[in-house]
$ cat upload.tsv   # TSV, C-alpha atoms
chain	number	residue	atom	x	y	z
T	1	MET	CA	14.79	-75.19	-60.90
T	2	THR	CA	13.71	-77.50	-58.09
T	3	TYR	CA	11.07	-77.06	-55.40
T	4	ALA	CA	13.86	-76.67	-52.81
T	5	GLN	CA	15.39	-73.81	-54.81
T	6	LEU	CA	12.10	-72.02	-55.37
T	7	ILE	CA	10.33	-72.50	-52.04
T	8	GLY	CA	12.71	-74.19	-49.58
T	9	ASP	CA	11.72	-75.34	-46.12
T	10	TRP	CA	9.71	-73.51	-43.48
T	11	GLN	CA	12.54	-73.66	-40.91
T	12	ALA	CA	14.66	-71.36	-43.08
T	13	LEU	CA	11.76	-68.91	-43.29
T	14	ALA	CA	11.32	-69.08	-39.49
T	15	VAL	CA	15.04	-68.25	-39.06
T	16	LEU	CA	14.57	-65.32	-41.46
T	17	PHE	CA	11.90	-63.86	-39.19
T	18	VAL	CA	13.72	-64.47	-35.89
T	19	ALA	CA	17.21	-63.41	-37.02
T	20	GLY	CA	16.31	-60.90	-39.72
T	21	VAL	CA	12.84	-59.40	-39.67
T	22	VAL	CA	12.31	-58.87	-35.93
T	23	PRO	CA	15.78	-57.45	-35.03
T	24	ASN	CA	15.56	-55.10	-38.02
T	25	GLN	CA	11.93	-54.02	-37.72
T	26	ILE	CA	12.10	-53.29	-34.00
T	27	TRP	CA	14.06	-50.06	-34.64
T	28	ARG	CA	11.52	-48.78	-37.15
T	29	MET	CA	8.65	-49.43	-34.76
T	30	LEU	CA	10.56	-47.77	-31.89
T	31	GLY	CA	11.08	-44.76	-34.17
T	32	LEU	CA	7.38	-44.73	-35.00
T	33	TRP	CA	6.46	-44.97	-31.30
T	34	PHE	CA	8.91	-42.49	-29.79
T	35	GLY	CA	9.15	-40.11	-32.75
T	36	GLY	CA	5.47	-39.26	-32.37
T	37	GLY	CA	5.68	-36.20	-30.19
T	38	ILE	CA	8.81	-34.75	-31.76
T	39	ASP	CA	8.52	-31.51	-33.72
T	40	GLU	CA	10.16	-31.36	-37.17
T	41	GLY	CA	12.41	-28.42	-36.32
T	42	SER	CA	13.25	-29.50	-32.77
T	43	GLU	CA	16.83	-29.54	-31.54
T	44	LEU	CA	16.54	-33.23	-30.64
T	45	LEU	CA	15.69	-34.00	-34.26
T	46	VAL	CA	18.67	-32.02	-35.54
T	47	TRP	CA	20.88	-34.18	-33.30
T	48	VAL	CA	19.13	-37.42	-34.31
T	49	ARG	CA	19.53	-36.59	-37.99
T	50	ALA	CA	23.21	-35.79	-37.51
T	51	VAL	CA	23.74	-39.16	-35.78
T	52	ALA	CA	21.84	-41.00	-38.56
T	53	THR	CA	24.01	-39.31	-41.19
T	54	ALA	CA	27.19	-40.18	-39.26
T	55	ILE	CA	26.11	-43.83	-38.83
T	56	LEU	CA	25.50	-44.07	-42.58
T	57	ALA	CA	28.92	-42.48	-43.13
T	58	GLY	CA	30.35	-45.24	-40.94
T	59	VAL	CA	28.69	-47.94	-43.08
T	60	ILE	CA	30.16	-46.30	-46.21
T	61	ALA	CA	33.62	-46.26	-44.61
T	62	GLN	CA	33.26	-49.87	-43.43
T	63	ILE	CA	32.52	-51.20	-46.93
T	64	VAL	CA	35.58	-49.40	-48.34
T	65	VAL	CA	37.98	-50.06	-45.42
T	66	GLU	CA	36.93	-53.65	-44.61
T	67	PRO	CA	35.52	-54.72	-47.99
T	68	PRO	CA	33.21	-57.74	-48.21
T	69	GLY	CA	33.54	-60.61	-50.72
T	70	ALA	CA	34.76	-59.82	-54.19
T	71	LEU	CA	35.60	-56.20	-53.29
T	72	ALA	CA	38.38	-57.53	-51.03
T	73	SER	CA	40.21	-58.64	-54.19
T	74	VAL	CA	40.62	-54.99	-55.22
T	75	PRO	CA	43.83	-53.36	-53.83
T	76	ASP	CA	43.41	-50.67	-51.12
T	77	VAL	CA	44.78	-47.92	-53.35
T	78	LEU	CA	42.15	-48.61	-56.04
T	79	ARG	CA	39.24	-48.63	-53.58
T	80	TYR	CA	40.30	-45.38	-51.89
T	81	GLY	CA	41.28	-43.90	-55.26
T	82	ALA	CA	37.86	-44.77	-56.71
T	83	VAL	CA	36.08	-42.92	-53.88
T	84	ALA	CA	38.43	-39.92	-54.24
T	85	ALA	CA	38.03	-39.81	-58.05
T	86	GLY	CA	34.26	-40.10	-57.71
T	87	LEU	CA	34.19	-37.31	-55.13
T	88	VAL	CA	36.23	-34.96	-57.34
T	89	VAL	CA	33.93	-35.56	-60.33
T	90	PHE	CA	30.84	-35.26	-58.10
T	91	LEU	CA	32.00	-31.81	-56.93
T	92	LEU	CA	33.11	-30.69	-60.43
T	93	THR	CA	29.74	-31.63	-61.95
T	94	ARG	CA	27.83	-29.55	-59.38
T	95	ARG	CA	26.87	-32.57	-57.28
T	96	SER	CA	25.82	-35.09	-59.93
T	97	ILE	CA	25.38	-38.47	-58.15
T	98	PHE	CA	25.43	-40.27	-61.49
T	99	ALA	CA	28.69	-38.68	-62.68
T	100	GLY	CA	30.35	-39.39	-59.32
T	101	VAL	CA	29.31	-43.06	-59.28
T	102	VAL	CA	30.36	-43.62	-62.90
T	103	ALA	CA	33.74	-41.92	-62.32
T	104	GLY	CA	34.43	-44.05	-59.24
T	105	GLU	CA	33.49	-47.27	-61.06
T	106	VAL	CA	35.53	-46.39	-64.15
T	107	PHE	CA	38.54	-45.60	-61.94
T	108	MET	CA	38.32	-48.97	-60.18
T	109	LEU	CA	37.69	-51.02	-63.33
T	110	ALA	CA	40.41	-49.20	-65.30
T	111	GLY	CA	42.82	-49.63	-62.38
T	112	THR	CA	42.05	-53.34	-62.09
T	113	TRP	CA	42.61	-53.75	-65.82
T	114	TRP	CA	45.82	-51.64	-65.71
T	115	LEU	CA	47.28	-53.68	-62.83
T	116	GLY	CA	46.32	-56.87	-64.65
V	117	MET	CA	9.11	-35.65	-65.32
V	118	ALA	CA	8.29	-32.78	-62.98
V	119	LEU	CA	5.79	-33.12	-60.15
V	120	PRO	CA	2.65	-30.96	-60.51
V	121	PRO	CA	2.62	-27.65	-58.59
V	122	LEU	CA	1.46	-27.83	-54.97
V	123	ASP	CA	-1.94	-26.28	-55.74
V	124	SER	CA	-2.63	-28.48	-58.79
V	125	PRO	CA	-5.92	-30.49	-58.86
V	126	GLN	CA	-3.65	-33.47	-59.65
V	127	TRP	CA	-3.08	-33.79	-55.90
V	128	GLN	CA	-6.76	-34.00	-54.94
V	129	SER	CA	-6.91	-37.79	-55.16
V	130	PRO	CA	-4.72	-39.94	-52.87
V	131	TRP	CA	-4.52	-42.53	-55.68
V	132	ARG	CA	-3.07	-39.91	-58.03
V	133	ALA	CA	-0.54	-39.04	-55.30
V	134	PHE	CA	0.30	-42.76	-55.00
V	135	ALA	CA	0.81	-42.92	-58.79
V	136	TRP	CA	3.06	-39.84	-58.74
V	137	GLY	CA	5.11	-41.53	-56.00
V	138	LEU	CA	5.32	-44.70	-58.09
V	139	ARG	CA	6.46	-42.72	-61.13
V	140	SER	CA	9.07	-40.85	-59.13
V	141	ILE	CA	11.24	-43.98	-58.98
V	142	THR	CA	12.23	-43.14	-62.56
V	143	GLN	CA	13.64	-39.80	-61.35
V	144	THR	CA	16.57	-41.07	-59.34
V	145	ILE	CA	19.84	-42.85	-60.08
V	146	LEU	CA	19.33	-44.60	-56.72
V	147	THR	CA	16.68	-46.82	-58.37
V	148	VAL	CA	19.37	-48.17	-60.72
V	149	VAL	CA	21.75	-48.61	-57.80
V	150	LEU	CA	19.08	-50.45	-55.79
V	151	PHE	CA	18.42	-52.71	-58.77
V	152	VAL	CA	22.09	-53.64	-59.02
V	153	THR	CA	22.45	-54.07	-55.24
V	154	TYR	CA	19.44	-56.41	-55.10
V	155	LEU	CA	20.70	-58.26	-58.16
V	156	GLY	CA	23.74	-59.04	-55.99
V	157	ILE	CA	21.58	-60.05	-53.00
V	158	GLY	CA	19.63	-62.48	-55.20
V	159	ALA	CA	22.85	-64.05	-56.47
V	160	LEU	CA	24.28	-64.18	-52.93
V	161	ALA	CA	21.13	-65.93	-51.66
V	162	HIS	CA	21.44	-68.54	-54.41
V	163	ASP	CA	25.10	-69.22	-53.64
V	164	THR	CA	24.43	-69.64	-49.90
V	165	HIS	CA	21.63	-72.14	-50.67
V	166	PHE	CA	18.64	-70.06	-49.68
V	167	SER	CA	15.47	-70.47	-51.74
V	168	LEU	CA	14.14	-67.79	-54.09
V	169	LEU	CA	11.06	-67.42	-51.85
V	170	TRP	CA	13.39	-66.82	-48.87
V	171	ALA	CA	15.26	-64.11	-50.76
V	172	LEU	CA	12.02	-62.40	-51.82
V	173	CYS	CA	10.62	-62.59	-48.26
V	174	SER	CA	13.81	-61.02	-46.90
V	175	THR	CA	13.40	-58.10	-49.31
V	176	LEU	CA	9.68	-57.71	-48.51
V	177	PHE	CA	9.90	-57.97	-44.73
V	178	VAL	CA	13.42	-56.79	-43.85
V	179	TRP	CA	13.72	-54.14	-46.58
V	180	ALA	CA	17.21	-52.95	-45.67
V	181	GLY	CA	20.13	-53.87	-47.94
V	182	PRO	CA	22.90	-53.92	-45.32
V	183	ALA	CA	20.79	-56.05	-42.91
V	184	GLN	CA	19.95	-58.52	-45.69
V	185	ILE	CA	23.59	-58.90	-46.75
V	186	ILE	CA	24.65	-59.38	-43.10
V	187	LEU	CA	21.86	-61.92	-42.51
V	188	ILE	CA	22.69	-63.99	-45.60
V	189	THR	CA	26.46	-63.97	-45.05
V	190	THR	CA	26.34	-64.75	-41.31
V	191	LEU	CA	23.72	-67.52	-41.61
V	192	GLY	CA	25.52	-68.84	-44.70
V	193	SER	CA	28.82	-69.05	-42.81
V	194	GLY	CA	27.30	-71.04	-39.97
V	195	ALA	CA	26.57	-68.37	-37.36
V	196	THR	CA	23.84	-69.11	-34.81
V	197	VAL	CA	20.43	-67.47	-35.06
V	198	ILE	CA	21.31	-65.31	-32.01
V	199	GLN	CA	24.63	-64.17	-33.51
V	200	SER	CA	22.96	-63.22	-36.78
V	201	ALA	CA	20.15	-61.43	-34.95
V	202	ILE	CA	22.66	-59.29	-33.00
V	203	ALA	CA	24.61	-58.38	-36.15
V	204	VAL	CA	21.38	-57.47	-37.96
V	205	THR	CA	19.99	-55.40	-35.09
V	206	VAL	CA	23.22	-53.40	-34.76
V	207	SER	CA	23.11	-52.63	-38.48
V	208	ALA	CA	19.46	-51.62	-38.13
V	209	ILE	CA	19.90	-49.09	-35.33
V	210	ARG	CA	20.34	-46.39	-37.97
V	211	LEU	CA	16.71	-46.97	-39.02
V	212	PHE	CA	15.51	-45.51	-35.72
V	213	PRO	CA	16.73	-41.92	-36.28
V	214	MET	CA	15.73	-42.21	-39.96
V	215	VAL	CA	12.13	-43.05	-39.07
V	216	VAL	CA	12.08	-40.37	-36.36
V	217	SER	CA	13.28	-37.72	-38.81
V	218	VAL	CA	11.26	-38.74	-41.88
V	219	LEU	CA	7.78	-39.31	-40.38
V	220	PRO	CA	7.28	-35.68	-39.25
V	221	LEU	CA	7.58	-34.69	-42.93
V	222	MET	CA	4.37	-36.68	-43.62
V	223	ARG	CA	2.44	-35.98	-40.45
V	224	THR	CA	-0.51	-33.59	-40.29
V	225	PRO	CA	-2.20	-32.56	-37.01
V	226	THR	CA	-4.87	-35.26	-37.62
V	227	THR	CA	-2.56	-38.11	-38.66
V	228	LYS	CA	-2.99	-41.28	-36.60
V	229	ARG	CA	0.05	-43.36	-35.70
V	230	ARG	CA	-1.34	-46.47	-37.45
V	231	GLU	CA	-1.50	-44.54	-40.74
V	232	LEU	CA	2.28	-44.21	-40.56
V	233	VAL	CA	3.10	-47.91	-39.90
V	234	PHE	CA	3.56	-48.81	-43.58
V	235	ALA	CA	5.58	-45.65	-44.28
V	236	ALA	CA	7.80	-46.55	-41.29
V	237	HIS	CA	8.28	-50.05	-42.73
V	238	LEU	CA	9.25	-48.61	-46.13
V	239	THR	CA	11.82	-46.27	-44.56
V	240	ALA	CA	15.39	-47.22	-45.48
V	241	VAL	CA	18.35	-45.22	-46.75
V	242	THR	CA	17.03	-44.66	-50.28
V	243	LEU	CA	13.53	-43.67	-49.21
V	244	TRP	CA	14.96	-41.43	-46.47
V	245	VAL	CA	17.14	-39.58	-48.98
V	246	GLU	CA	14.36	-39.30	-51.57
V	247	CYS	CA	11.76	-38.12	-49.04
V	248	HIS	CA	13.92	-35.12	-48.18
V	249	ARG	CA	14.22	-34.38	-51.90
V	250	PHE	CA	10.64	-35.01	-53.11
V	251	LEU	CA	8.34	-34.26	-50.16
V	252	PRO	CA	8.77	-30.45	-50.20
V	253	GLN	CA	7.14	-30.62	-53.67
V	254	VAL	CA	4.16	-32.67	-52.41
V	255	PRO	CA	1.18	-31.18	-50.50
V	256	ARG	CA	1.41	-32.31	-46.87
V	257	GLU	CA	-1.95	-34.12	-46.81
V	258	ARG	CA	-0.90	-36.30	-49.79
V	259	ARG	CA	2.60	-37.14	-48.60
V	260	ILE	CA	1.74	-40.52	-47.00
V	261	ALA	CA	0.09	-41.72	-50.25
V	262	PHE	CA	3.05	-40.41	-52.25
V	263	VAL	CA	5.54	-42.25	-50.01
V	264	HIS	CA	3.48	-45.46	-50.24
V	265	GLY	CA	3.70	-45.21	-54.05
V	266	LEU	CA	7.42	-44.42	-54.01
V	267	GLY	CA	8.12	-47.27	-51.56
V	268	CYS	CA	6.00	-49.84	-53.42
V	269	GLY	CA	7.76	-48.90	-56.65
V	270	LEU	CA	11.20	-49.37	-55.09
V	271	VAL	CA	10.22	-52.70	-53.47
V	272	SER	CA	8.92	-53.98	-56.84
V	273	VAL	CA	12.19	-53.02	-58.54
V	274	CYS	CA	14.15	-54.89	-55.86
V	275	LEU	CA	11.96	-58.03	-56.00
V	276	THR	CA	12.50	-58.13	-59.77
V	277	ALA	CA	16.24	-57.66	-59.29
V	278	ASN	CA	16.34	-60.46	-56.69
V	279	THR	CA	14.66	-62.85	-59.12
V	280	VAL	CA	16.94	-61.93	-62.03
V	281	GLY	CA	20.02	-62.14	-59.77
V	282	TYR	CA	18.95	-65.51	-58.38
V	283	PHE	CA	18.75	-66.93	-61.90
V	284	LEU	CA	22.00	-65.31	-63.04
V	285	ALA	CA	23.40	-66.77	-59.81
V	286	ALA	CA	26.95	-65.76	-59.49
V	287	ASN	CA	27.96	-66.04	-63.10
V	288	LEU	CA	29.59	-62.70	-62.44
V	289	THR	CA	33.39	-62.53	-62.63
V	290	GLN	CA	35.26	-61.37	-59.53
V	291	THR	CA	35.97	-57.92	-61.00
V	292	LEU	CA	32.32	-57.39	-61.96
V	293	GLY	CA	31.25	-58.56	-58.51
V	294	ALA	CA	33.63	-56.05	-56.92
V	295	ALA	CA	32.25	-53.28	-59.13
V	296	ILE	CA	28.71	-54.08	-57.95
V	297	LEU	CA	29.77	-54.03	-54.30
V	298	LEU	CA	31.51	-50.66	-54.81
V	299	LEU	CA	28.25	-49.12	-56.09
V	300	THR	CA	26.80	-49.12	-52.57
V	301	PRO	CA	29.36	-46.86	-50.82
V	302	LEU	CA	29.68	-44.55	-53.85
V	303	SER	CA	25.96	-43.98	-54.28
V	304	PHE	CA	25.27	-43.61	-50.56
V	305	LEU	CA	28.16	-41.17	-50.18
V	306	PHE	CA	27.13	-38.90	-53.06
V	307	SER	CA	23.41	-39.00	-52.41
V	308	THR	CA	23.96	-38.05	-48.76
V	309	ALA	CA	26.46	-35.33	-49.75
V	310	ARG	CA	23.94	-33.96	-52.23
V	311	ASN	CA	21.36	-33.64	-49.50
V	312	SER	CA	23.77	-31.96	-47.07
V	313	ARG	CA	22.51	-28.41	-47.06
V	314	GLU	CA	23.79	-27.33	-43.66
V	315	VAL	CA	27.29	-27.29	-42.22
V	316	ALA	CA	26.18	-29.80	-39.55
V	317	ASP	CA	25.28	-32.34	-42.28
V	318	VAL	CA	28.68	-31.99	-43.93
V	319	VAL	CA	30.46	-32.34	-40.57
V	320	ALA	CA	28.41	-35.45	-39.67
V	321	LEU	CA	29.20	-37.07	-43.03
V	322	THR	CA	32.91	-36.23	-43.13
V	323	LEU	CA	33.62	-36.93	-39.46
V	324	GLY	CA	31.52	-40.12	-39.58
V	325	ILE	CA	33.73	-41.48	-42.36
V	326	LEU	CA	37.00	-40.40	-40.70
V	327	LEU	CA	36.08	-41.68	-37.23
V	328	TYR	CA	34.93	-45.13	-38.32
V	329	PRO	CA	38.43	-46.61	-38.88
V	330	LEU	CA	39.42	-45.35	-35.40
V	331	ALA	CA	36.30	-46.79	-33.76
V	332	ALA	CA	36.83	-50.09	-35.58
V	333	LYS	CA	40.19	-50.46	-33.81
V	334	MET	CA	38.29	-50.84	-30.50
V	335	ASN	CA	36.72	-54.05	-31.82
V	336	SER	CA	33.68	-53.60	-29.62
V	337	GLY	CA	31.23	-54.89	-32.21
V	338	LEU	CA	29.48	-51.54	-31.88
V	339	ASP	CA	32.02	-49.60	-33.99
V	340	ILE	CA	29.49	-47.93	-36.25
V	341	LEU	CA	27.33	-46.91	-33.32
V	342	VAL	CA	30.30	-45.42	-31.45
V	343	SER	CA	31.67	-43.45	-34.41
V	344	GLY	CA	28.15	-42.39	-35.43
V	345	LEU	CA	27.24	-41.11	-31.96
V	346	ILE	CA	30.50	-39.16	-31.57
V	347	ALA	CA	30.53	-37.69	-35.10
V	348	GLY	CA	26.80	-36.89	-34.99
V	349	THR	CA	27.08	-35.21	-31.60
V	350	VAL	CA	30.08	-33.12	-32.70
V	351	ALA	CA	28.10	-32.10	-35.82
V	352	TYR	CA	25.18	-31.10	-33.60
V	353	GLY	CA	27.64	-29.12	-31.45
V	354	VAL	CA	28.76	-27.20	-34.54
V	355	HIS	CA	25.12	-26.48	-35.41
V	356	TRP	CA	24.41	-25.30	-31.84
V	357	TRP	CA	27.54	-23.13	-31.72
V	358	ARG	CA	26.68	-21.40	-35.01
V	359	GLN	CA	23.16	-20.69	-33.75
V	360	VAL	CA	24.43	-19.22	-30.50
V	361	ARG	CA	26.85	-16.96	-32.35
V	362	ALA	CA	24.28	-15.82	-34.89
$ encode --input "upload.tsv" --output "structure tokens"
Amino acid sequence: MTYAQLIGDWQALAVLFVAGVVPNQIWRMLGLWFGGGIDEGSELLVWVRAVATAILAGVIAQIVVEPPGALASVPDVLRYGAVAAGLVVFLLTRRSIFAGVVAGEVFMLAGTWWLG
Amino acid sequence: MALPPLDSPQWQSPWRAFAWGLRSITQTILTVVLFVTYLGIGALAHDTHFSLLWALCSTLFVWAGPAQIILITTLGSGATVIQSAIAVTVSAIRLFPMVVSVLPLMRTPTTKRRELVFAAHLTAVTLWVECHRFLPQVPRERRIAFVHGLGCGLVSVCLTANTVGYFLAANLTQTLGAAILLLTPLSFLFSTARNSREVADVVALTLGILLYPLAAKMNSGLDILVSGLIAGTVAYGVHWWRQVRA
């Protein structure tokens, strides 16, 4: 392992802060600043939480619908099928996250193996 | 491991509360999922010629899986700093409502804003989900210490995973790589569903998933924001309507 691999140059770290840390952190600090006066049970917070849940749902859908990298090599039917199989097992096991994740993974891996 | 009862002397010391938070990382499958996700990020950083220090700094200071993956892939594929920054900031908008909704769980009437800065930094999907699960079992005046412990534990797990992943560096086969990428949507979906106690939560989750492919057709670059705002607002409407009728 070389110095370049372990430490790298300072320009890359500067880019990390300008393109990664600041644009990401700004939303947390805005939340800290403007969330201050909001009451836990307030109607605004119910709405904000619903939007946060829906945005996360969008990220979940995006990864499955427009898969990145290696996941793109898996056929559509296996990706959607894996989510559906996981969901069925999740509901059957009285909401076990672990069982749902394992079922989804097994479905995809078995399907990939089955299709060769 | 069960947390001590709310009136237990165990909660008298903030350091004990920190330690209970730290130990709570063993109580969730999401810790395993985070480990695997950050294993992938470490390998991805290696393959796109970032240094190990860079990968560790991104985990420490960005602390948001989707943003880190977007940052590494865009920079690695030759995007400008501005282009990467826009992509990252759009992915990070979801942190705003998360911080707004999670901090009131830790606040007491005497809490100063600066005491919440580190908790705000630690807030990401996993911590957000786990706070809603664990914090009702933690006395309010010890919740900040507990969250600091929980967050530090999760960050340590991810730094370790980054390092291991960097050294394994993409020796994963394509199928195994795909399986690791699939872990993220599966675990996020089920952990959010598990925490959906009210009808509004279920509507926001279901509609958010269904609306995304439609919003993506607009190609505005703000797809997730558009589908999230619409689905979240409809879910709030359902909540409001049920309250009015009740």
$ interface_residues --input "upload.tsv" --of "chain T" --to "chain V" --cutoff "7 Å" --atoms "all atoms listed in the file" --output "CSV table (one decimal) with C-alpha atoms, in the frame of the given file"
chain,number,residue,atom,x,y,z
T,4,ALA,CA,13.9,-76.7,-52.8
T,5,GLN,CA,15.4,-73.8,-54.8
T,6,LEU,CA,12.1,-72.0,-55.4
T,7,ILE,CA,10.3,-72.5,-52.0
T,8,GLY,CA,12.7,-74.2,-49.6
T,13,LEU,CA,11.8,-68.9,-43.3
T,15,VAL,CA,15.0,-68.2,-39.1
T,16,LEU,CA,14.6,-65.3,-41.5
T,19,ALA,CA,17.2,-63.4,-37.0
T,20,GLY,CA,16.3,-60.9,-39.7
T,21,VAL,CA,12.8,-59.4,-39.7
T,23,PRO,CA,15.8,-57.4,-35.0
T,24,ASN,CA,15.6,-55.1,-38.0
T,25,GLN,CA,11.9,-54.0,-37.7
T,27,TRP,CA,14.1,-50.1,-34.6
T,28,ARG,CA,11.5,-48.8,-37.2
T,30,LEU,CA,10.6,-47.8,-31.9
T,31,GLY,CA,11.1,-44.8,-34.2
T,32,LEU,CA,7.4,-44.7,-35.0
T,35,GLY,CA,9.2,-40.1,-32.8
T,40,GLU,CA,10.2,-31.4,-37.2
T,45,LEU,CA,15.7,-34.0,-34.3
T,46,VAL,CA,18.7,-32.0,-35.5
T,47,TRP,CA,20.9,-34.2,-33.3
T,48,VAL,CA,19.1,-37.4,-34.3
T,49,ARG,CA,19.5,-36.6,-38.0
T,50,ALA,CA,23.2,-35.8,-37.5
T,51,VAL,CA,23.7,-39.2,-35.8
T,52,ALA,CA,21.8,-41.0,-38.6
T,53,THR,CA,24.0,-39.3,-41.2
T,54,ALA,CA,27.2,-40.2,-39.3
T,55,ILE,CA,26.1,-43.8,-38.8
T,57,ALA,CA,28.9,-42.5,-43.1
T,58,GLY,CA,30.4,-45.2,-40.9
T,59,VAL,CA,28.7,-47.9,-43.1
T,60,ILE,CA,30.2,-46.3,-46.2
T,61,ALA,CA,33.6,-46.3,-44.6
T,63,ILE,CA,32.5,-51.2,-46.9
T,70,ALA,CA,34.8,-59.8,-54.2
T,71,LEU,CA,35.6,-56.2,-53.3
T,83,VAL,CA,36.1,-42.9,-53.9
T,95,ARG,CA,26.9,-32.6,-57.3
T,97,ILE,CA,25.4,-38.5,-58.2
T,98,PHE,CA,25.4,-40.3,-61.5
T,101,VAL,CA,29.3,-43.1,-59.3
T,105,GLU,CA,33.5,-47.3,-61.1
$ atom_distance --input "upload.tsv" --atom1 "CA of Gln11 in chain T" --atom2 "CA of Ala195 in chain V"
15.4 Å
$ closest_residue --input "upload.tsv" --among "T:Gly81, T:Leu87, T:Arg94, T:Phe17" --to "Phe107 in chain T" --atoms "all atoms listed in the file"
T:Gly81
$ atom_distance --input "upload.tsv" --atom1 "CA of Leu56 in chain T" --atom2 "CA of Val245 in chain V"
11.4 Å
$ atom_distance --input "upload.tsv" --atom1 "CA of Cys268 in chain V" --atom2 "CA of Trp10 in chain T"
25.9 Å
$ decode --input "upload.tsv" --residues "range 53-67 of chain T" --atoms "N, CA and C atoms" --output "mmCIF file, in the first residue's frame"
data_model
loop_
_atom_site.group_PDB
_atom_site.id
_atom_site.type_symbol
_atom_site.label_atom_id
_atom_site.label_comp_id
_atom_site.auth_asym_id
_atom_site.auth_seq_id
_atom_site.Cartn_x
_atom_site.Cartn_y
_atom_site.Cartn_z
ATOM 1 N N THR T 53 -40.409 10.585 5.045
ATOM 2 C CA THR T 53 -40.670 9.172 4.765
ATOM 3 C C THR T 53 -40.847 8.953 3.261
ATOM 4 N N ALA T 54 -41.598 9.864 2.613
ATOM 5 C CA ALA T 54 -41.857 9.716 1.180
ATOM 6 C C ALA T 54 -40.584 9.923 0.355
ATOM 7 N N ILE T 55 -39.691 10.830 0.797
ATOM 8 C CA ILE T 55 -38.428 11.034 0.082
ATOM 9 C C ILE T 55 -37.564 9.771 0.200
ATOM 10 N N LEU T 56 -37.535 9.181 1.401
ATOM 11 C CA LEU T 56 -36.781 7.936 1.574
ATOM 12 C C LEU T 56 -37.377 6.831 0.704
ATOM 13 N N ALA T 57 -38.714 6.792 0.630
ATOM 14 C CA ALA T 57 -39.387 5.816 -0.233
ATOM 15 C C ALA T 57 -38.945 6.012 -1.682
ATOM 16 N N GLY T 58 -38.783 7.276 -2.086
ATOM 17 C CA GLY T 58 -38.316 7.570 -3.440
ATOM 18 C C GLY T 58 -36.915 7.047 -3.691
ATOM 19 N N VAL T 59 -36.019 7.198 -2.683
ATOM 20 C CA VAL T 59 -34.649 6.687 -2.813
ATOM 21 C C VAL T 59 -34.670 5.160 -2.958
ATOM 22 N N ILE T 60 -35.529 4.493 -2.160
ATOM 23 C CA ILE T 60 -35.668 3.037 -2.252
ATOM 24 C C ILE T 60 -36.099 2.648 -3.664
ATOM 25 N N ALA T 61 -37.138 3.345 -4.174
ATOM 26 C CA ALA T 61 -37.641 3.045 -5.518
ATOM 27 C C ALA T 61 -36.568 3.301 -6.571
ATOM 28 N N GLN T 62 -35.812 4.391 -6.400
ATOM 29 C CA GLN T 62 -34.788 4.738 -7.390
ATOM 30 C C GLN T 62 -33.739 3.639 -7.517
ATOM 31 N N ILE T 63 -33.282 3.093 -6.383
ATOM 32 C CA ILE T 63 -32.237 2.070 -6.427
ATOM 33 C C ILE T 63 -32.746 0.809 -7.139
ATOM 34 N N VAL T 64 -34.053 0.506 -6.958
ATOM 35 C CA VAL T 64 -34.598 -0.704 -7.583
ATOM 36 C C VAL T 64 -34.953 -0.460 -9.056
ATOM 37 N N VAL T 65 -35.495 0.733 -9.358
ATOM 38 C CA VAL T 65 -35.956 1.027 -10.722
ATOM 39 C C VAL T 65 -34.798 1.414 -11.642
ATOM 40 N N GLU T 66 -33.879 2.254 -11.133
ATOM 41 C CA GLU T 66 -32.711 2.662 -11.921
ATOM 42 C C GLU T 66 -31.464 2.210 -11.171
ATOM 43 N N PRO T 67 -31.186 0.898 -11.183
ATOM 44 C CA PRO T 67 -30.145 0.347 -10.316
ATOM 45 C C PRO T 67 -28.734 0.830 -10.683
#
